[in-house]
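Worksheet for the structure shown next.
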Protein chains: 2
Amino acid sequence: VTPRLFTPGPLTTDRRVREAMQRDWGSRDADFIALTAELRTRLLGVVPGAAERHVAVPIQGAGSYALEAAVATLVGPEHRLLVLVNGAYGRRMDEIARRMGRSVAAIDWREDEAVDPARVASALADDAAITHVAIVQCETTTGLLNPVDKVAHVVAEAGRVLIVDAMSGFGALPLGLGDRRIGAILASSNKCLEGPPGIAFALVERDLLAAAKGRSPSLALDLHDQARGFETNGQWRFTPPMQVVAGLVEALRLHEAEGGSEARLARYEGFYEVLRLGMQRLGYPLYLDPSLQAPIIATFRPRPGRPFDFARLHAHLAQDGLLIYPGKLTTEVTFRIGCIGALTDSDFDDLLESVASYDVRTHGVAEL
Amino acid sequence: VTPRLFTPGPLTTDRRVREAMQRDWGSRDADFIALTAELRTRLLGVVPGAAERHVAVPIQGAGSYALEAAVATLVGPEHRLLVLVNGAYGRRMDEIARRMGRSVAAIDWREDEAVDPARVASALADDAAITHVAIVQCETTTGLLNPVDKVAHVVAEAGRVLIVDAMSGFGALPLGLGDRRIGAILASSNKCLEGPPGIAFALVERDLLAAAKGRSPSLALDLHDQARGFETNGQWRFTPPMQVVAGLVEALRLHEAEGGSEARLARYEGFYEVLRLGMQRLGYPLYLDPSLQAPIIATFRPRPGRPFDFARLHAHLAQDGLLIYPGKLTTEVTFRIGCIGALTDSDFDDLLESVASYDVRTHGVAEL
């Protein structure tokens with residue numbers, strides 16, 4: 001039985017997405033070239049305004065590969081990257097750039113604090129060497145939503161290039177370009193797009209990409225060469241995971257049919273409300289201030305003054321085919337429940353019922 | 001309709017492999033941790049003797065990622081890599097190392113010549129700085145089989161580390177370790193293992209891996225850290241393509257059930273014989289000397305003195321759901337037909353019939 005995934009992704013996929021993975025493709029054949037073209041067009045179509053200045057560059061592999069490919073392709077030895085860190089994914093971008101030998105600065109916030117645009121502005125004013133700024137839209141560490149719009153404004157005013165890790169929320173959280181400048185938007189197939197895992201992608205400004213020829217020290221993770229491959233003959237430079245591509249294209253068709261990112265966000269907000277209220281009734285407090293919490297993944301604290309054992313709660317839910325996620329904080333015991341994927345309100349009712357029955361069995365107290 | 005793929009891979013998969021891709025998994029859950037452990041054990045099991053000294057390190061992505069990860073992880077700035085080149089994939093290894101800024105030497109052969117172990121021995125004697133040697137077992141450019149055994153002997157005698165790109169033939173062509181030393185063997189899910197594309201892997205000597213901590217300039221393509229991830233908690237460091245993992249594990253079970261690499265090679269040799277004899281009857285000469293041709297992918301020349309248009313032949317076969325591959329030689333018009341995948345002799349009969357009917361329609365001459 002396919003489990004129901006209450007995680008930040010990979011997540012529960014629609015039956016039609018899985019069925020789209022049931023055939024073989026010639027990786028260099030006309031049918032698959034057409035599918036790849038549809039993929040690239042649909043990825044751009046997810047972000048209003050992206051089609052004008054951006055190029056969609058899918059790459060094989062995990063989401064983090066898109067982060068590394070963006071740094072490798074866009075940030076040269078002559079540049080300096082400022083990374084805004086308030087969780088594990090900001091930290092990862094910092095680590096990627098350092099290992100690559102790039103010049104990096106970082107500003108750290110607590111994991112329950114949003115990035116502060118004013119501090120970014122003053123860091124850019126103080127350090128003229130900074131050429132690029134990287135921010136995580138929604139930190140999967142906690143579910144915290146950073147103010148990308150305001151930071152994009154500050155970075156554009158200062159004439160620097162912004163790189164947005166939009167992994168967690170791409171396809172649901174708003175990220176319109178309009179008159180805002182975002183140099184690169186990075187995400188993956190298996191989050192709010194509800195596709196299978198195996199493909200990451202970058203939407204990169206065409207000018208930045210054109211200027212990046214030969215810059216990446218990596219043959220595999222080079223967004224310029226990858227884009228050139230697509231534009232030369234419509235093919236992937238290296239063997240793509242064809243079944244994953246087919247699943248993702250089907251997922252993007254379903255995304256459009258649902259009404260795009262707005263409709264999807266509305267559905268997730270519905271899940272989040274059911275979850276938040278239900279967990280509140282059961283006595284589990286949200287970790288974040290609600291104003292910072294994105295309806296993507298919610299971090300909860302144990303019930304105050306009650307014993308808590310995540311492994312036992314997880315195992316209890318798993319017996320019902322319901323999978324949740326451990327916390328990722330170093331400082332506090334927490335756990336996370338995802339609000340995304342091809343689920344329905346009744347899946348969340350089932351989850352809350354299972355949490356309640358765990359409480360009963362463990363502590364002899366029903367709280368629903 | 002799923003086409004039949006006569007390519008060097010990705011190739012036709014078994015129905016059971018595709019069915020194994022029909023469910024969702026929690027990427028950090030116990031079931032998937034068990035599946036990952038089975039994957040790593042089975043990958044090692046494919047190569048006799050590998051379980052003693054080697055570690056299986058799967059990584060997300062295309063086969064070329066394993067080449068780059070091996071160079072990044074095993075070849076440091078203080079090392080020097082000798083690449084043996086007689087086709088596009090040897091050339092790719094050379095390019096990967098140069099872009100990474102590693103010290104590289106290359107020996108080139110013609111694309112219809114095998115690597116000559118004596119030239120390797122003298123290059124190693126002449127250049128004491130060389131620490132690593134890279135060879136392609138079977139060049140997908142042509143289907144040429146290089147003498148890995150003899151080169152492994154020469155490299156071990158000279159006290160250097162051998163890296164084998166075994167992409168094309170892993171799971172069919174013999175690559176026993178025995179008393180031979182091979183530092184790293186690189187391959188992917190979608191060739192002779194008959195799995196879906198999306199996973200590459202390296203079998204690396206444990207000692208080499210242990211000495212490689214912190215060497216890779218890439219966070220994503222670091223075999224040491226990837227292996228440490230598996231060994232710490234059984235999980236992938238970054239989101240794996242779970243459906244592809246499930247498909248590959250099913251493919252490895254089928255590989256074992258068939259009788260392992262020997263039985264699979266015997267099946268492919270059968271296909272190759274049907275193909276070779278049939279194409280000979282139709283007048284298409286093999287490009288390589290038959291003694292150099294592996295039964296993986298065969299390169300053919302057009303019929304002497306007859307007009308030839310690959311695009312038309314390809315389109316004609318594609319109408320019958322039969323996909324073949326263009327040549328990859330820069331010097332000559334050729335085309336390639338793969339002999340691997342979940343096919344049967346009758347698929348090759350169908351292919352030959354379609355080639356013959358193309359001849360009839362195009363040139364008015366039946367030659368079967």
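Identifiers for the structure tokens are assigned positionally: chains receive A, B, ... in sequence, residues are indexed from 1 per chain, and ligands are indexed from 1 in the order shown.
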
(message) Select, as an NGL selection string, those residues of chain B with any atom no more than 6 Å from chain A (distances computed using only C-alpha atoms).
(response) :B and (2 or 18 or 22-24 or 60-62 or 96 or 99-100 or 197-198 or 217 or 219 or 239 or 241)

(request) Write down as number ranges by chain the residues belonging to region 134-357 of chain B that are assigned strand (DSSP E or B) by DSSP computed on the backbone. (result) B: 134-136, 138-139, 144-145, 161-165, 184-188, 199-205, 286, 293, 297-300, 322-323, 325-326, 335-338

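One finds CA of Ala211 (chain B) at 9.4 Å from CA of Thr73 (chain B).
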
(message) Taking the DSSP secondary structure from the backbone, can you list the residues of region 52-154 of chain A that are alpha helix (DSSP H), as a PyMOL selection string?
(response) chain A and resi 52-53+63-74+88-99+117-126+148-154

(message) List as a ChimeraX atom specification the protein and nucleic acid residues near region 175-183 of chain B, meaning an atom at most 8 Å away when only C-alpha atoms are counted, but skip any in the same chain fewer than 4 places from it.
(response) /B:47-50,149,152-153,156,161-164,170,204-205,208

Generate a file of the selected residues that holds N, CA and C atoms, formatted as a PDB file, in the first residue's frame.
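Output contents, as saved in selection-v8.pdb:
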ATOM      1  N   VAL B  47      29.440  -7.687  -8.772  1.00  0.00           N
ATOM      2  CA  VAL B  47      30.850  -7.870  -9.129  1.00  0.00           C
ATOM      3  C   VAL B  47      31.503  -8.869  -8.174  1.00  0.00           C
ATOM      4  N   PRO B  48      31.886 -10.036  -8.692  1.00  0.00           N
ATOM      5  CA  PRO B  48      32.488 -11.043  -7.810  1.00  0.00           C
ATOM      6  C   PRO B  48      33.707 -10.459  -7.095  1.00  0.00           C
ATOM      7  N   GLY B  49      33.745 -10.611  -5.803  1.00  0.00           N
ATOM      8  CA  GLY B  49      34.897 -10.135  -5.037  1.00  0.00           C
ATOM      9  C   GLY B  49      34.759  -8.722  -4.506  1.00  0.00           C
ATOM     10  N   ALA B  50      33.756  -7.983  -4.982  1.00  0.00           N
ATOM     11  CA  ALA B  50      33.653  -6.574  -4.586  1.00  0.00           C
ATOM     12  C   ALA B  50      33.284  -6.413  -3.114  1.00  0.00           C
ATOM     13  N   ASP B 149      41.264  -5.952 -17.990  1.00  0.00           N
ATOM     14  CA  ASP B 149      42.069  -6.878 -17.197  1.00  0.00           C
ATOM     15  C   ASP B 149      43.553  -6.582 -17.314  1.00  0.00           C
ATOM     16  N   ALA B 152      44.450  -3.245 -15.866  1.00  0.00           N
ATOM     17  CA  ALA B 152      44.415  -3.304 -14.393  1.00  0.00           C
ATOM     18  C   ALA B 152      45.711  -3.902 -13.864  1.00  0.00           C
ATOM     19  N   HIS B 153      46.207  -4.904 -14.555  1.00  0.00           N
ATOM     20  CA  HIS B 153      47.456  -5.541 -14.144  1.00  0.00           C
ATOM     21  C   HIS B 153      48.627  -4.547 -14.234  1.00  0.00           C
ATOM     22  N   ALA B 156      48.284  -1.826 -11.543  1.00  0.00           N
ATOM     23  CA  ALA B 156      48.597  -2.344 -10.201  1.00  0.00           C
ATOM     24  C   ALA B 156      50.108  -2.567 -10.055  1.00  0.00           C
ATOM     25  N   VAL B 161      46.354   3.872  -8.991  1.00  0.00           N
ATOM     26  CA  VAL B 161      44.944   3.534  -8.739  1.00  0.00           C
ATOM     27  C   VAL B 161      44.175   3.552 -10.058  1.00  0.00           C
ATOM     28  N   LEU B 162      43.415   2.487 -10.318  1.00  0.00           N
ATOM     29  CA  LEU B 162      42.631   2.414 -11.551  1.00  0.00           C
ATOM     30  C   LEU B 162      41.163   2.771 -11.293  1.00  0.00           C
ATOM     31  N   ILE B 163      40.619   3.616 -12.182  1.00  0.00           N
ATOM     32  CA  ILE B 163      39.199   3.975 -12.164  1.00  0.00           C
ATOM     33  C   ILE B 163      38.590   3.454 -13.463  1.00  0.00           C
ATOM     34  N   VAL B 164      37.559   2.612 -13.348  1.00  0.00           N
ATOM     35  CA  VAL B 164      36.955   2.013 -14.537  1.00  0.00           C
ATOM     36  C   VAL B 164      35.546   2.550 -14.750  1.00  0.00           C
ATOM     37  N   PHE B 170      28.076  -2.876 -17.145  1.00  0.00           N
ATOM     38  CA  PHE B 170      27.931  -3.352 -15.768  1.00  0.00           C
ATOM     39  C   PHE B 170      26.694  -4.224 -15.639  1.00  0.00           C
ATOM     40  N   VAL B 204      33.666   1.602  -4.663  1.00  0.00           N
ATOM     41  CA  VAL B 204      34.963   2.209  -4.363  1.00  0.00           C
ATOM     42  C   VAL B 204      35.669   1.416  -3.274  1.00  0.00           C
ATOM     43  N   GLU B 205      36.975   1.263  -3.414  1.00  0.00           N
ATOM     44  CA  GLU B 205      37.732   0.591  -2.359  1.00  0.00           C
ATOM     45  C   GLU B 205      37.605   1.396  -1.060  1.00  0.00           C
ATOM     46  N   LEU B 208      40.401   3.826  -0.067  1.00  0.00           N
ATOM     47  CA  LEU B 208      40.453   5.059  -0.867  1.00  0.00           C
ATOM     48  C   LEU B 208      39.383   6.037  -0.400  1.00  0.00           C
TER      49      LEU B 208
END

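Of the residues listed (A:Glu52, A:Glu194, A:Asp225, A:Asp94), A:Glu194 shows the shortest atom-to-atom separation from Leu252 (chain A); distances use only C-alpha atoms.
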
(request) For Leu275 (chain A), list every protein, DNA or RNA residue within 10 Å, evaluated using only C-alpha atoms, and leave out those in the same chain fewer than 3 positions away; present the list as an MDAnalysis selection string. (result) chainID A and resid 269:272 278:281 295 298 337:339 345 348:349 351:352

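Taking CA of Leu248 (chain A) and CA of Gly171 (chain A) as endpoints, the distance between them is 12.3 Å.
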
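What separates CA of Thr330 (chain B) from CA of Pro8 (chain B) is a distance of 18.3 Å.
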
(message) I'd like the neighbourhood of Leu186 (chain A) as a ChimeraX atom specification, where a residue qualifies if any of its atoms comes within 6 Å (using only C-alpha atoms), though same-chain residues fewer than 5 positions away should be ignored.
(response) /A:165-166,201-202

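Residues within 6 Å of Val133 (chain A), counting only C-alpha atoms and excluding same-chain residues fewer than 4 positions away, are A:Leu81, A:Leu82, A:Val83, A:Leu162.
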
May I have the residues from that selection written out with C-alpha atoms, as a CSV table (one decimal), in the first residue's frame?
chain,number,residue,atom,x,y,z
A,81,LEU,CA,28.1,35.6,-2.3
A,82,LEU,CA,26.1,36.7,0.7
A,83,VAL,CA,24.0,33.9,2.1
A,162,LEU,CA,19.5,37.5,-6.1
